[in-house]
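J.: input_5.cif is reproduced in full below (mmCIF, C-alpha atoms).
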```
data_work
#
loop_
_atom_site.label_atom_id
_atom_site.label_comp_id
_atom_site.auth_asym_id
_atom_site.auth_seq_id
_atom_site.Cartn_x
_atom_site.Cartn_y
_atom_site.Cartn_z
CA MET A 258 -4.44 -29.07 9.19
CA ASP A 259 -1.54 -31.33 10.29
CA THR A 260 0.75 -30.11 7.52
CA CYS A 261 -0.15 -26.58 8.50
CA ILE A 262 0.85 -27.25 12.13
CA GLN A 263 4.12 -28.84 10.94
CA LYS A 264 4.86 -25.76 8.86
CA ILE A 265 4.08 -23.41 11.74
CA ARG A 266 6.50 -25.35 13.97
CA GLU A 267 9.23 -25.46 11.31
CA ILE A 268 8.99 -21.76 10.51
CA ALA A 269 8.80 -20.76 14.18
CA GLY A 270 11.77 -22.97 15.09
CA ASP A 271 13.75 -21.63 12.18
CA LEU A 272 13.07 -17.98 13.03
CA LEU A 273 14.07 -18.50 16.66
CA GLU A 274 17.19 -20.49 15.79
CA LYS A 275 18.42 -17.86 13.36
CA GLY A 276 17.62 -15.17 15.88
CA GLU A 277 15.38 -13.34 13.43
CA VAL A 278 12.76 -12.96 16.12
CA GLU A 279 12.92 -13.05 19.92
CA ARG A 280 9.53 -14.61 20.41
CA VAL A 281 6.86 -16.43 18.50
CA ILE A 282 3.29 -15.94 19.59
CA GLY A 283 1.00 -18.81 18.70
CA PHE A 284 -1.47 -21.30 20.11
CA ALA A 285 -0.66 -24.31 22.29
CA GLU A 286 -2.83 -27.19 23.42
CA GLY A 287 -4.59 -26.45 26.69
CA SER A 288 -5.02 -28.72 29.68
CA ILE A 289 -8.51 -29.83 28.63
CA PRO A 290 -9.95 -30.56 25.17
CA MET A 291 -10.90 -27.55 23.02
CA ALA A 292 -9.09 -25.14 25.35
CA THR A 293 -6.16 -24.03 23.23
CA SER A 294 -4.34 -21.13 24.79
CA PRO A 295 -2.07 -18.39 23.51
CA VAL A 296 1.62 -19.04 24.11
CA ALA A 297 4.81 -17.03 23.58
CA ILE A 298 7.84 -19.21 22.91
CA SER A 299 11.48 -18.21 22.68
CA THR A 300 13.40 -21.43 21.96
CA LYS A 301 13.44 -23.76 18.98
CA GLU A 302 12.56 -26.75 21.18
CA ASP A 303 9.38 -25.05 22.40
CA ALA A 304 8.22 -24.66 18.80
CA GLN A 305 6.89 -28.22 19.12
CA LYS A 306 4.28 -26.86 21.54
CA LEU A 307 2.63 -24.83 18.80
CA CYS A 308 -0.63 -26.09 17.41
CA PHE A 309 -3.55 -24.91 15.34
CA SER A 310 -7.13 -26.13 15.22
CA SER A 311 -10.71 -24.91 14.98
CA THR A 312 -10.63 -24.04 18.67
CA CYS A 313 -8.00 -21.28 18.36
CA GLY A 314 -10.63 -18.59 18.66
CA LEU A 315 -8.70 -15.92 20.53
CA ASN A 316 -6.93 -13.13 18.69
CA LEU A 317 -3.13 -13.23 18.91
CA ALA A 318 -2.73 -9.63 17.76
CA ASN A 319 -3.77 -8.83 21.33
CA TYR A 320 -0.46 -10.20 22.63
CA ALA A 321 1.68 -8.74 19.87
CA SER A 322 1.20 -5.18 21.10
CA LYS A 323 2.42 -6.20 24.55
CA GLU A 324 5.90 -7.04 23.22
CA LYS A 325 6.81 -3.53 22.10
CA GLY A 326 10.29 -2.98 20.73
CA LYS A 327 11.00 -6.71 20.37
CA LYS A 328 11.17 -8.56 17.12
CA ILE A 329 8.34 -11.04 17.21
CA ALA A 330 6.52 -13.45 14.98
CA VAL A 331 2.78 -13.98 15.23
CA VAL A 332 0.67 -16.86 13.99
CA ALA A 333 -2.22 -15.05 12.34
CA LYS A 334 -5.62 -16.09 11.02
CA GLY A 335 -7.47 -13.69 8.74
CA CYS A 336 -8.87 -11.65 11.60
CA ASP A 337 -5.60 -11.68 13.60
CA SER A 338 -3.83 -10.29 10.54
CA ARG A 339 -6.43 -7.53 10.24
CA ASN A 340 -5.86 -6.62 13.87
CA LEU A 341 -2.09 -6.61 13.28
CA VAL A 342 -2.75 -4.17 10.43
CA THR A 343 -4.82 -2.06 12.83
CA HIS A 344 -1.96 -2.16 15.35
CA ILE A 345 0.50 -0.99 12.68
CA VAL A 346 -1.86 1.80 11.56
CA GLU A 347 -2.33 2.87 15.20
CA ASN A 348 1.44 2.81 15.84
CA GLN A 349 1.24 -0.02 18.37
CA ILE A 350 3.66 -2.26 16.49
CA ASP A 351 6.41 -1.53 14.02
CA ARG A 352 5.99 -3.52 10.80
CA ASP A 353 9.76 -4.05 10.71
CA ASN A 354 9.64 -5.79 14.09
CA LEU A 355 6.85 -8.09 13.03
CA TYR A 356 6.95 -11.38 11.17
CA ILE A 357 3.50 -12.65 10.30
CA ILE A 358 2.99 -16.40 9.91
CA GLY A 359 -0.30 -16.37 8.04
CA VAL A 360 -2.80 -19.19 8.40
CA PRO A 361 -5.70 -19.35 5.92
CA CYS A 362 -8.52 -19.89 8.39
CA PRO A 363 -11.06 -22.69 8.08
CA GLY A 364 -13.32 -20.99 10.66
CA MET A 365 -13.47 -21.49 14.41
CA VAL A 366 -16.07 -23.51 16.28
CA ASP A 367 -18.57 -22.30 18.83
CA LYS A 368 -17.61 -24.07 22.06
CA PHE A 369 -20.85 -23.18 23.84
CA LYS A 370 -22.87 -24.70 21.01
CA ILE A 371 -20.84 -27.92 21.04
CA ALA A 372 -21.05 -28.13 24.84
CA ALA A 373 -24.83 -27.71 24.64
CA GLU A 374 -25.07 -30.45 22.00
CA MET A 375 -22.94 -32.89 24.01
CA GLY A 376 -24.48 -32.23 27.40
CA GLY A 377 -21.75 -33.73 29.60
CA GLU A 378 -18.14 -32.73 30.08
CA ILE A 379 -16.16 -33.00 26.86
CA THR A 380 -13.25 -35.42 27.16
CA GLY A 381 -12.06 -35.55 23.59
CA PHE A 382 -12.07 -33.35 20.51
CA GLU A 383 -10.65 -34.25 17.13
CA GLU A 384 -11.03 -32.89 13.66
CA ALA A 385 -11.05 -34.66 10.34
CA GLY A 386 -11.64 -32.09 7.64
CA ASP A 387 -15.15 -30.78 8.12
CA THR A 388 -16.08 -33.41 10.70
CA LEU A 389 -15.70 -32.81 14.41
CA ILE A 390 -15.36 -35.92 16.56
CA VAL A 391 -16.40 -34.94 20.04
CA SER A 392 -16.61 -37.31 22.97
CA THR A 393 -17.82 -37.21 26.53
CA VAL A 394 -17.39 -39.95 29.14
CA ASP A 395 -20.32 -41.95 27.81
CA ASP A 396 -20.98 -40.54 24.37
CA LYS A 397 -19.21 -39.89 21.09
CA LYS A 398 -20.61 -37.83 18.25
CA GLU A 399 -19.52 -36.80 14.79
CA LEU A 400 -20.63 -33.26 14.10
CA ASN A 401 -20.57 -31.29 10.88
CA LYS A 402 -18.25 -28.37 11.54
CA GLN A 403 -20.23 -25.99 9.33
CA ASP A 404 -23.21 -26.34 11.72
CA TYR A 405 -21.05 -25.42 14.70
CA LEU A 406 -19.08 -22.48 13.34
CA ARG A 407 -18.98 -19.36 15.47
CA HIS A 408 -21.44 -16.77 14.26
CA ASN A 409 -18.71 -14.32 13.22
CA CYS A 410 -16.85 -17.07 11.36
CA SER A 411 -19.99 -18.05 9.46
CA LEU A 412 -20.21 -14.44 8.21
CA CYS A 413 -16.46 -14.00 7.66
CA THR A 414 -15.31 -12.67 4.30
CA HIS A 415 -11.61 -12.40 5.17
CA LYS A 416 -10.52 -15.91 6.09
CA ASN A 417 -7.15 -15.44 4.42
CA PRO A 418 -4.59 -13.19 6.12
CA VAL A 419 -4.51 -9.73 4.52
CA LEU A 420 -0.88 -9.13 5.47
CA PHE A 421 1.72 -11.86 5.95
CA ASP A 422 5.35 -12.77 5.47
CA VAL A 423 4.69 -16.44 4.90
CA LEU A 424 1.56 -18.55 4.41
CA VAL A 425 1.45 -22.03 5.91
CA GLY A 426 -1.35 -23.38 3.74
CA GLU A 427 -3.26 -22.93 0.53
CA GLU A 428 -5.51 -19.89 0.50
CA VAL A 429 -9.12 -20.79 1.18
CA GLU A 430 -12.04 -19.56 -0.87
CA GLU A 431 -13.66 -16.39 0.47
CA GLN A 432 -17.44 -16.38 0.62
CA GLN A 433 -19.60 -13.66 -0.93
CA LEU A 434 -22.46 -12.49 1.24
CA ASP A 435 -25.62 -10.79 0.04
CA ASN A 436 -26.15 -9.37 3.48
CA ALA A 437 -23.21 -9.25 5.87
CA TYR A 438 -25.29 -7.99 8.81
CA PRO A 439 -28.52 -10.01 9.10
CA ASP A 440 -28.25 -9.99 12.92
CA VAL A 441 -27.97 -6.19 13.06
CA ASP A 442 -30.93 -5.86 10.68
CA ALA A 443 -33.00 -8.10 12.95
CA ILE A 444 -32.33 -5.86 15.96
CA GLU A 445 -32.92 -2.70 13.90
CA ALA A 446 -36.33 -4.01 12.89
CA LEU A 447 -37.47 -3.96 16.54
CA THR A 448 -39.14 -0.97 18.19
CA ALA A 449 -37.07 1.29 20.48
CA ASP A 450 -38.45 -0.53 23.53
CA GLY A 451 -37.83 -3.89 21.89
CA ARG A 452 -34.21 -2.98 21.21
CA TRP A 453 -33.74 -1.77 24.77
CA LYS A 454 -35.21 -5.02 26.06
CA HIS A 455 -32.89 -7.01 23.78
CA PHE A 456 -29.77 -5.33 25.17
CA GLU A 457 -31.05 -5.47 28.76
CA GLU A 458 -31.48 -9.21 28.42
CA LEU A 459 -28.19 -9.56 26.57
CA THR A 460 -26.14 -8.09 29.41
CA GLN A 461 -28.20 -9.36 32.34
CA ASN A 462 -25.69 -12.12 33.17
CA CYS A 463 -22.61 -9.92 32.82
CA ILE A 464 -20.35 -10.30 35.86
CA ARG A 465 -18.04 -7.41 34.92
CA CYS A 466 -15.01 -9.70 34.70
CA TYR A 467 -13.75 -7.66 31.72
CA ALA A 468 -12.65 -10.83 29.91
CA CYS A 469 -14.09 -9.32 26.70
CA ARG A 470 -11.92 -6.25 27.13
CA ASN A 471 -8.83 -8.26 28.03
CA ALA A 472 -9.23 -10.54 25.02
CA CYS A 473 -9.81 -7.64 22.63
CA PRO A 474 -6.76 -6.55 20.62
CA LEU A 475 -8.22 -3.05 20.36
CA CYS A 476 -8.32 -2.58 24.14
CA TYR A 477 -4.71 -1.65 24.73
CA CYS A 478 -5.17 1.59 26.72
CA PRO A 479 -2.69 1.66 29.63
CA THR A 480 -5.58 2.51 31.95
CA CYS A 481 -9.03 1.49 30.81
CA PHE A 482 -11.85 3.98 31.50
CA VAL A 483 -13.56 1.41 33.74
CA ASP A 484 -10.47 1.20 35.99
CA GLU A 485 -9.98 4.93 36.41
CA SER A 486 -10.94 6.38 39.76
CA GLY A 487 -10.28 10.06 39.15
CA PRO A 488 -12.61 10.83 37.49
CA GLN A 489 -14.62 7.69 37.87
CA TRP A 490 -16.43 7.41 34.55
CA VAL A 491 -18.58 4.43 35.45
CA GLY A 492 -19.69 2.71 38.66
CA LYS A 493 -17.86 -0.51 39.44
CA GLY A 494 -20.71 -2.66 40.75
CA GLN A 495 -23.40 -4.79 39.19
CA ASP A 496 -25.84 -1.91 38.73
CA LYS A 497 -27.53 -2.49 35.40
CA THR A 498 -26.87 1.03 34.17
CA ASP A 499 -23.16 0.69 34.97
CA VAL A 500 -22.99 -2.67 33.20
CA ASP A 501 -24.68 -1.19 30.13
CA THR A 502 -22.46 1.90 30.25
CA PHE A 503 -19.38 -0.32 30.24
CA HIS A 504 -20.58 -2.31 27.23
CA PHE A 505 -21.79 0.74 25.35
CA LEU A 506 -18.59 2.73 25.82
CA ARG A 507 -16.26 -0.20 25.20
CA ALA A 508 -18.08 -0.90 21.95
CA PHE A 509 -17.88 2.72 20.95
CA HIS A 510 -14.12 2.75 21.52
CA CYS A 511 -13.99 0.03 18.87
CA ALA A 512 -15.90 2.03 16.25
CA GLY A 513 -14.28 1.72 12.84
CA ARG A 514 -11.57 -0.51 14.33
CA CYS A 515 -13.36 -3.76 15.13
CA THR A 516 -12.59 -6.68 12.79
CA ASP A 517 -15.35 -8.87 14.25
CA CYS A 518 -12.76 -11.46 15.28
CA GLY A 519 -15.06 -12.73 18.03
CA ALA A 520 -12.38 -12.84 20.74
CA CYS A 521 -14.71 -10.97 23.12
CA VAL A 522 -17.42 -13.60 22.72
CA GLU A 523 -14.86 -16.41 22.88
CA ALA A 524 -13.55 -15.09 26.19
CA CYS A 525 -16.91 -14.40 27.82
CA PRO A 526 -17.56 -16.99 30.54
CA MET A 527 -21.26 -16.12 30.57
CA GLY A 528 -21.86 -16.66 26.86
CA ILE A 529 -22.87 -13.07 26.15
CA ASN A 530 -22.82 -12.14 22.49
CA VAL A 531 -20.89 -8.90 23.04
CA ARG A 532 -20.71 -8.53 19.27
CA ASP A 533 -24.30 -7.27 19.19
CA PHE A 534 -22.82 -3.91 20.23
CA THR A 535 -19.79 -3.78 17.95
CA ARG A 536 -21.54 -5.22 14.90
CA LYS A 537 -23.81 -2.17 14.66
CA LEU A 538 -20.74 0.07 14.56
CA ASN A 539 -19.11 -2.13 11.92
CA LYS A 540 -22.24 -1.85 9.81
CA ASP A 541 -22.29 1.94 10.26
CA ALA A 542 -18.61 2.17 9.30
CA GLN A 543 -19.42 0.18 6.16
CA ASP A 544 -22.54 2.20 5.30
CA MET A 545 -21.19 5.66 6.07
CA PHE A 546 -17.52 5.36 5.17
CA GLY A 547 -17.34 2.20 3.05
CA TRP A 548 -14.83 1.01 5.63
CA GLU A 549 -13.83 -2.38 6.88
CA ALA A 550 -11.14 -2.29 9.54
CA GLY A 551 -7.67 -3.71 9.08
CA LEU A 552 -7.54 -4.34 5.35
CA THR A 553 -4.62 -2.08 4.44
CA ILE A 554 -1.78 -0.28 6.18
CA ASP A 555 -1.97 2.56 3.65
CA LYS A 556 -5.26 4.14 4.71
CA ARG A 557 -6.16 6.02 7.87
CA PRO A 558 -9.29 4.79 9.68
CA PRO A 559 -12.43 6.95 9.16
CA LEU A 560 -12.55 8.31 12.72
CA ASP A 561 -8.90 9.29 12.43
CA ALA A 562 -9.19 11.34 9.24
CA TYR A 563 -11.29 14.26 8.08
CA SER A 564 -12.91 14.37 4.70
CA PRO A 565 -15.32 17.03 3.43
CA ASP A 566 -17.44 14.08 2.23
CA ASP A 567 -17.94 12.73 5.75
CA PRO A 568 -21.65 12.25 6.44
CA ASN A 569 -22.89 15.08 8.65
CA ASP A 570 -26.64 14.98 8.42
CA PHE A 571 -26.87 14.08 12.12
CA ILE A 572 -25.76 17.59 13.09
CA LYS A 573 -28.07 20.58 13.10
CA MET B 109 -22.64 7.45 18.79
CA GLY B 110 -26.20 8.59 18.20
CA ASN B 111 -26.70 5.57 15.97
CA LEU B 112 -25.49 3.10 18.59
CA LEU B 113 -27.65 4.72 21.28
CA GLU B 114 -30.62 4.48 18.96
CA HIS B 115 -29.69 0.87 18.23
CA MET B 116 -29.76 0.14 21.96
CA GLY B 117 -33.24 1.56 22.23
CA ILE B 118 -32.66 5.18 23.23
CA GLU B 119 -35.11 7.16 21.09
CA LYS B 120 -33.41 9.18 18.36
CA ASP B 121 -35.14 12.43 19.42
CA ARG B 122 -33.48 12.34 22.84
CA VAL B 123 -29.96 12.85 21.55
CA HIS B 124 -29.15 15.89 19.46
CA PHE B 125 -25.95 17.14 17.93
CA SER B 126 -25.47 20.73 16.90
CA TRP B 127 -22.75 23.22 16.10
CA ILE B 128 -23.68 26.76 17.10
CA SER B 129 -21.40 29.76 17.00
CA SER B 130 -21.52 32.23 19.93
CA ALA B 131 -22.80 34.76 17.39
CA GLU B 132 -25.78 32.63 16.42
CA ALA B 133 -28.21 33.46 19.22
CA THR B 134 -31.31 32.84 17.11
CA LYS B 135 -30.03 29.44 15.97
CA PHE B 136 -29.36 28.53 19.62
CA VAL B 137 -32.91 29.42 20.59
CA ASP B 138 -34.34 27.48 17.63
CA VAL B 139 -32.30 24.38 18.42
CA VAL B 140 -33.15 24.44 22.13
CA LYS B 141 -36.85 24.89 21.32
CA GLU B 142 -36.77 21.99 18.90
CA ILE B 143 -34.95 19.75 21.39
CA SER B 144 -37.26 20.54 24.28
CA ASP B 145 -40.36 20.01 22.12
CA LYS B 146 -39.12 16.66 20.90
CA VAL B 147 -38.06 15.46 24.35
CA LYS B 148 -41.36 16.62 25.90
CA ALA B 149 -43.22 14.64 23.27
CA LEU B 150 -41.30 11.50 24.29
CA GLY B 151 -41.91 11.98 28.01
CA PRO B 152 -39.52 11.11 30.85
CA ASN B 153 -36.60 8.81 30.03
CA LYS B 154 -36.54 5.51 31.92
CA LYS B 155 -33.62 3.92 30.10
CA PHE B 156 -29.94 4.22 31.04
CA VAL B 157 -30.90 5.89 34.32
CA LYS B 158 -29.09 4.91 37.49
CA ASP B 159 -31.24 4.55 40.59
CA TYR B 160 -29.30 5.95 43.56
CA SER B 161 -32.12 5.50 46.07
#
```
Kindly transcribe the structure held in the file into C-alpha cells.
T.:
Amino acid sequence: MDTCIQKIREIAGDLLEKGEVERVIGFAEGSIPMATSPVAISTKEDAQKLCFSSTCGLNLANYASKEKGKKIAVVAKGCDSRNLVTHIVENQIDRDNLYIIGVPCPGMVDKFKIAAEMGGEITGFEEAGDTLIVSTVDDKKELNKQDYLRHNCSLCTHKNPVLFDVLVGEEVEEQQLDNAYPDVDAIEALTADGRWKHFEELTQNCIRCYACRNACPLCYCPTCFVDESGPQWVGKGQDKTDVDTFHFLRAFHCAGRCTDCGACVEACPMGINVRDFTRKLNKDAQDMFGWEAGLTIDKRPPLDAYSPDDPNDFIK
Amino acid sequence: MGNLLEHMGIEKDRVHFSWISSAEATKFVDVVKEISDKVKALGPNKKFVKDYS
C-alpha cells in the first residue's frame, strides 16, 4: 500500500509540474482516523497530501464531473473507473481531458462495523496487509480485514480499474461469484408485505440529508427532482411516503448506471443500506440486458438504446 | 420500474403497462376490465399512500 501511495504522489506531482493536468483529484487523510476525504490539488507540493487506504470509500468520479472543461487527473479504484466510464458515455467528461491514475483495489472497510466492534471512539487505525490495527483510548485490536469489508466490496468483481492511463500497483485477482446478488434474492423471497416492511424499516431513520445523493457520481443533475419547487415532485418533510418516494425515484434514476460503488452507503450518517434499492435494478439490468454499468466506453447503456430484442413482456 | 415497485412490496397486479392505439377501442376496454378486476381482487392499497389528514 505504501509503494502505491508513493507512486500516486509521484505521478500526481509529475503531472502537475509538467502542466499536463490542472488538478488531481484524490484522497487525503482526514482530521480523525478512518476519515479520509476527497481532495483536489493543483501544486506539486500538495501531492504529498495524497493518500490511499482501505477507508477511501467515496467515489472520486463524483468530483471529476464538477471540473468540466479542465484537464484533470483522478485517482480511481475499480468502481471509480467504472463511474468515469459512465461519465464519458454520458458526455459528462471528455476522455481527452481526463488522466486516470488507476489503483487496483484491495476492498474498502465498513466503518460502522468496525465502530460497533470497538465500542468507544476510534483513536488510531493502521493497516498491515490484511490486518487492521484499530485502537480506542483503552483498547487495541487486530482485526482481519476480510471480516470487515463493506458488503459491496465483498461482492465486487471489478477491483481492477477498467479504464486507466497508469496503474500504481499490481493488478489484484478478481473473484468469481456463483451468485452476485444473494441479498436481492433474500428480499425477493419475502412476501409482498414482508418486502414492504423491509423497506419501511430500512428507511425509517432517514433524515433526508441527501448525503447519498451528494456522494453519488450518477447524481449530477443541475437541479435534483427533490429540490424542484415547480412542480414539486415530492414533499420535503419527514413524511414516510415522501422519504420512500425520494429513495425509490433516486434509485430508479440510477437504473442501468449504478456500479454498486457503495458511496451512498459510505456517506449515510444513519447507516442505511441504500443499496437495497439500487441492487435490485443492477440485478434486473444483468438479467434483462446482460448489462453491468461502466465496463466499456464503446457501448450505449440499455436504457439509452433501443433494440428489437429488448424484453417487453411487461407490456400488454 | 414495475420490478422495483414489486421489489418494494407493491403487488404486481396494481401496476400495469400497456400500449393502446386510439383505434383499438376493444383492446382498451379489455385492458381496463382486466386492470379493475385485478385491483379489486387485491383490495384498497395501503402502501405508498400519503396521509394528508
J.: Translate the PyMOL selection byres ((chain B) within 7 of (chain A)) into a concrete residue list for this structure, as a CSV table (one decimal) with C-alpha atoms, in the frame of the given file.
T.:
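Written file, expr-v7.csv:
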```csv
chain,number,residue,atom,x,y,z
B,112,LEU,CA,-25.5,3.1,18.6
B,115,HIS,CA,-29.7,0.9,18.2
B,116,MET,CA,-29.8,0.1,22.0
B,117,GLY,CA,-33.2,1.6,22.2
B,118,ILE,CA,-32.7,5.2,23.2
B,119,GLU,CA,-35.1,7.2,21.1
B,125,PHE,CA,-26.0,17.1,17.9
B,126,SER,CA,-25.5,20.7,16.9
B,127,TRP,CA,-22.8,23.2,16.1
B,156,PHE,CA,-29.9,4.2,31.0
B,157,VAL,CA,-30.9,5.9,34.3
B,158,LYS,CA,-29.1,4.9,37.5
```
J.: Taking all atoms listed in the file into account, which of B:Val147, B:Tyr160, B:Glu142, B:Gly110 comes nearest Arg122 of chain B?
T.: B:Val147
J.: Extract, using all atoms listed in the file, all DNA, RNA and protein residues at most 12 Å from Phe284 of chain A, discarding same-chain residues fewer than 5 positions from it, and format them as a compact mmCIF listing (two decimals) with C-alpha atoms, in the frame of the given file.
T.:
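So out_3.txt came out as:
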```txt
# COMPACT_ATOMS: atom_id res chain seq x y z
CA ILE A 262 0.85 -27.25 12.13
CA ILE A 265 4.08 -23.41 11.74
CA ARG A 266 6.50 -25.35 13.97
CA ALA A 269 8.80 -20.76 14.18
CA MET A 291 -10.90 -27.55 23.02
CA ALA A 292 -9.09 -25.14 25.35
CA THR A 293 -6.16 -24.03 23.23
CA SER A 294 -4.34 -21.13 24.79
CA PRO A 295 -2.07 -18.39 23.51
CA VAL A 296 1.62 -19.04 24.11
CA ALA A 297 4.81 -17.03 23.58
CA ILE A 298 7.84 -19.21 22.91
CA ASP A 303 9.38 -25.05 22.40
CA ALA A 304 8.22 -24.66 18.80
CA GLN A 305 6.89 -28.22 19.12
CA LYS A 306 4.28 -26.86 21.54
CA LEU A 307 2.63 -24.83 18.80
CA CYS A 308 -0.63 -26.09 17.41
CA PHE A 309 -3.55 -24.91 15.34
CA SER A 310 -7.13 -26.13 15.22
CA SER A 311 -10.71 -24.91 14.98
CA THR A 312 -10.63 -24.04 18.67
CA CYS A 313 -8.00 -21.28 18.36
CA GLY A 314 -10.63 -18.59 18.66
CA LEU A 315 -8.70 -15.92 20.53
CA ASN A 316 -6.93 -13.13 18.69
CA LEU A 317 -3.13 -13.23 18.91
CA ALA A 318 -2.73 -9.63 17.76
CA TYR A 320 -0.46 -10.20 22.63
CA VAL A 331 2.78 -13.98 15.23
CA VAL A 332 0.67 -16.86 13.99
CA ALA A 333 -2.22 -15.05 12.34
CA LYS A 334 -5.62 -16.09 11.02
CA VAL A 360 -2.80 -19.19 8.40
```
J.: Would you translate the PyMOL selection byres ((chain A and resi 516) around 7) into the concrete set of residues it matches in this file, as a list in words?
T.: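 Checking the PyMOL selection byres ((chain A and resi 516) around 7) against this file, the residues are Cys336, Arg339, Asn340, Arg514, Cys515, Asp517, Cys518, Ala550 and Gly551 of chain A.
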J.: The PyMOL selection byres ((chain B and resi 150) around 12) - which residues does that actually catch in the file I just gave you? List them as a PyMOL selection string.
T.: (chain A and resi 449) or (chain B and resi 118-123+143-149+151-154)
J.: Grab the atom CA of Val419 of chain A to atom CA of Ser338 of chain A distance for me, in Å with one decimal place.
T.: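 A separation of 6.1 Å between them.
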J.: Tell me which protein, DNA and RNA residues are within 12 Å of Cys478 of chain A, counting only C-alpha atoms, leaving out same-chain ones fewer than 2 positions away, and put them as an MDAnalysis selection string.
T.: chainID A and resid 319 322:323 347 349 470:471 473:476 480:485 507 510:511
J.: In Å to one decimal, how far is atom CA of Gln433 of chain A from atom CA of Asn417 of chain A?
T.: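 We find that atom CA of Asn417 of chain A and atom CA of Gln433 of chain A lie 13.7 Å from each other.
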J.: Rounded to one decimal in Å, what is the spacing between atom CA of Cys469 of chain A and atom CA of Met365 of chain A?
T.: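 For atom CA of Cys469 of chain A relative to atom CA of Met365 of chain A, the distance reads 17.3 Å.
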